[in-house]
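K.L.:
The structure that follows is given in the form of structure tokens.
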Amino acid sequence: MGRYWTVRILSIVTVLVLVWVIGNYVDTYMLKGAGASWRRVIYLCSFYGILAVSLNLINGITGQFSIGHAAFYQIGAYSAAYMSSRVLTESGLPGPLLLLLVTVIGALFAGCAGWAVGLPSLRLKGDYLAIATLGFGEIVRIIVLNQKWLGGSYGMTGIPGLTHLSYVLLLVVITVAVSRNLCKTGHGLAFLAIREDEVAADAMGVNTTRFKVWAFVIGAALAGAAGSLYGHYEEFLSPDSFKMDVSFIVLTMVVVGGSGSITGSLIAAVTLIALQERLAYISPIPAGPLYAVGVLMLLGAMVTSGTCRRLRPSRLVAGAAWLGTIVAALFLGVAIGNLLADVPALAPAMTKTYRPSDLRMVLFALSLIIIMLARPQGLLGRSEFSLDALGRMLGVGRRAAEAPV
């Protein structure tokens, strides 16, 4: 056995051991109090990490524009939950084997849906493809909403709790490995060629139709597998869990992390979901400081973006300028908001409070605007996370060109 395969096998064994150890620790010791809330955060970060990386395969690597990813997530969740709670209840299969079976079924159903939506949408590009996939997502949700045998608007109950964090983390690893290995093969070069110039790729003999459909099928199947595990984690499914905003959140993760970067999508998913979940534990915020901080942050972002574009400082200096802008907006916003709250005419509006958890979509939109102004290509662009890539992003170390993926 050569050194290459020895390293590969040792890497796989190490990852599997880490997945098992982390999963068992979280599901054994983080069951009460603050640990339970963090346990849920870890689960949700893992689910959305799978969704973000699988959507990145469609949007970032192949260059399509899909915003209906929640539909594949929902199809996988409901098909697997229906099989485990209605069809295979008397099968006598052990829990892990039953979960594996229904996860494969959910992935197959979602993959078929990806093929169904990908094939007729091949003539559409850009905004038109986005509208078509968005419509497909809403059609799926409304159909489920009106099917009594799927629980309808009340939701599906009686789903066995089979999901273990080790299985979810293993699916995260598989999703990343599939995306990464796909990009390292000749087929991956075809996906990248379609992203860069579809007409040129077609002229060079690439079967663009087949590869675009395969991108939808693989991305949808991975999202469906995530939905299968999600349903057996929550033990309850509702159409409200797969609304349009889920697709927008996943799309935000891909854009923020870097369209085309696998690790960038994963980092953005973990960061945004952890932020969203922890917002529920923050005390209500007065409206005055909130409005002032939002306005100052947007104005500061536009001024800093324009200044950096004109002066072209080093990335390290530009990063410091952006950090200073955000900190200044926070402090000045709080001060100005408190002053406005003392004005009698403005007091009723400025003293009203908001729960931070109700503002999650506003925060996602604000973060997306700031990222687009500060770094339009996303946090990692089309590079993967490494110390060298981090150095390039900060403008230190080697200034090598970014790799395509």
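Residues are referred to by chain and number: the chain letter is A, B, ... according to the order shown in the structure tokens, the number counts from 1 in that chain, and ligands are numbered separately from 1 in the order shown.
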Enumerate, as number ranges by chain, the complete set of residues in region 69-227 of chain A that a backbone-based DSSP assignment places in helix (DSSP H, G or I).
P.N.:
A: 69-87, 95-118, 127-145, 148-150, 152-154, 165-183, 186-196, 198-203, 208-227
K.L.:
Considering only C-alpha atoms, give me a table of residues in region 20-108 of chain A that are at most 7 Å from region 179-193 of chain A, with the closest atom pair and distance in Å for each, as a tab-separated table.
P.N.:
```
residue	atom	partner	partner_atom	distance
A:Leu57	CA	A:Ser179	CA	6.6
A:Ile61	CA	A:Leu192	CA	5.8
A:Thr62	CA	A:Phe191	CA	4.8
```
K.L.:
Keeping only N, CA and C atoms, write those residues as a PDB file, in the first residue's frame.
P.N.:
```
ATOM      1  N   LEU A  57     -23.073  23.677  -4.565  1.00  0.00           N
ATOM      2  CA  LEU A  57     -22.778  22.830  -5.721  1.00  0.00           C
ATOM      3  C   LEU A  57     -23.575  23.287  -6.939  1.00  0.00           C
ATOM      4  N   ILE A  61     -20.676  26.350  -7.787  1.00  0.00           N
ATOM      5  CA  ILE A  61     -19.756  25.551  -8.606  1.00  0.00           C
ATOM      6  C   ILE A  61     -20.242  25.416 -10.043  1.00  0.00           C
ATOM      7  N   THR A  62     -21.560  25.241 -10.224  1.00  0.00           N
ATOM      8  CA  THR A  62     -22.094  25.095 -11.580  1.00  0.00           C
ATOM      9  C   THR A  62     -22.598  26.408 -12.150  1.00  0.00           C
TER      10      THR A  62
END
```
K.L.:
I'd like to know which of A:Leu229, A:Ala345, A:Met30, A:Leu330 is closest to Ser79 (chain A), using only C-alpha atoms.
P.N.:
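Smallest separation from Ser79 (chain A) among the options: A:Leu229.
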K.L.:
Quick one: residues within 9 Å of Trp38 (chain A), only C-alpha atoms counted, chain neighbours fewer than 4 positions away excluded, as a ChimeraX atom specification?
P.N.:
/A:30,34,42-43,274,277-278
K.L.:
Have a look at A:Gly49, A:Gly227, A:Gly151, A:Gly92 and name the one nearest to Ile249 (chain A); count only C-alpha atoms.
P.N.:
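The closest residue to Ile249 (chain A) is A:Gly49.
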K.L.:
Using only C-alpha atoms, which of the listed residues (A:Val15, A:Leu108, A:Met372, A:Val102) sits closest to Thr252 (chain A)?
P.N.:
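Once distances to Thr252 (chain A) are computed over only C-alpha atoms, the minimum belongs to A:Met372.
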K.L.:
Might you pull out every residue within 7 Å of Ala221 (chain A), with only C-alpha atoms counted and same-chain residues fewer than 6 positions away left off, and present them as a ChimeraX atom specification?
P.N.:
/A:107-108,110-111
K.L.:
Please write the residues from the selection above to a file, keeping C-alpha atoms, as a tab-separated table (two decimals), in the first residue's frame.
P.N.:
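Result saved to again-v1.tsv:
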```
chain	number	residue	atom	x	y	z
A	107	ALA	CA	-32.47	11.46	-0.82
A	108	LEU	CA	-33.88	9.53	-3.79
A	110	ALA	CA	-35.45	14.72	-3.43
A	111	GLY	CA	-33.02	13.77	-6.20
```
K.L.:
Restricting the calculation to only C-alpha atoms: of A:Thr157, A:Gln74, A:Thr263, A:Asn207, which residue gets closest to Gly381 (chain A)?
P.N.:
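Closest residue, counting only C-alpha atoms: A:Thr263.
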K.L.:
Just want the 10 Å neighbourhood of Asp245 (chain A), counted on only C-alpha atoms, with same-chain residues fewer than 6 positions away dropped. Output as a ChimeraX atom specification.
P.N.:
/A:67-68,70,251,361
K.L.:
Which residues come within 12 Å of Gly60 (chain A), counting only C-alpha atoms, excluding same-chain residues fewer than 3 positions away, as JSON, numbers by chain?
P.N.:
{"A": [52, 53, 54, 55, 56, 57, 63, 64, 65, 66, 179, 183, 191, 192, 193, 194, 195, 196, 215, 219, 251, 253, 254, 255, 256, 257, 258, 259, 260, 261, 262, 264, 265, 377, 378, 381, 382, 383, 404, 405]}
K.L.:
Just want the 8 Å neighbourhood of Leu170 (chain A), counted on only C-alpha atoms, with same-chain residues fewer than 4 positions away dropped. Output as a list in words.
P.N.:
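The contact residues come out as Leu16, Val19, Ser166 and Ile174 of chain A.
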K.L.:
Would you mind exporting the chosen residues as a PDB file, in the first residue's frame, restricted to N, CA and C atoms?
P.N.:
```
ATOM      1  N   LEU A  16     -13.895   9.603  11.128  1.00  0.00           N
ATOM      2  CA  LEU A  16     -14.988   8.779  11.660  1.00  0.00           C
ATOM      3  C   LEU A  16     -14.933   8.708  13.184  1.00  0.00           C
ATOM      4  N   VAL A  19     -16.087  12.087  14.546  1.00  0.00           N
ATOM      5  CA  VAL A  19     -17.545  12.210  14.409  1.00  0.00           C
ATOM      6  C   VAL A  19     -18.249  11.423  15.506  1.00  0.00           C
ATOM      7  N   SER A 166     -24.034  11.936  15.567  1.00  0.00           N
ATOM      8  CA  SER A 166     -22.973  11.295  14.783  1.00  0.00           C
ATOM      9  C   SER A 166     -23.402  11.102  13.334  1.00  0.00           C
ATOM     10  N   ILE A 174     -19.721  13.724   4.457  1.00  0.00           N
ATOM     11  CA  ILE A 174     -19.988  13.147   3.130  1.00  0.00           C
ATOM     12  C   ILE A 174     -20.307  14.245   2.118  1.00  0.00           C
TER      13      ILE A 174
END
```
K.L.:
Nearest residue to Asp240 (chain A) out of A:Ala71, A:Leu165, A:Leu145, A:Ala116, using only C-alpha atoms?
P.N.:
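That would be A:Leu145, the residue with the smallest distance to Asp240 (chain A).
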K.L.:
From the list A:Ser283, A:Ser305, A:Thr103, A:Thr325, which residue is nearest Pro356 (chain A) when using only C-alpha atoms?
P.N.:
A:Ser283
K.L.:
Just give me the gap between CA of Lys243 (chain A) and CA of Glu138 (chain A) in Å, one decimal is fine.
P.N.:
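A separation of 7.6 Å between them.
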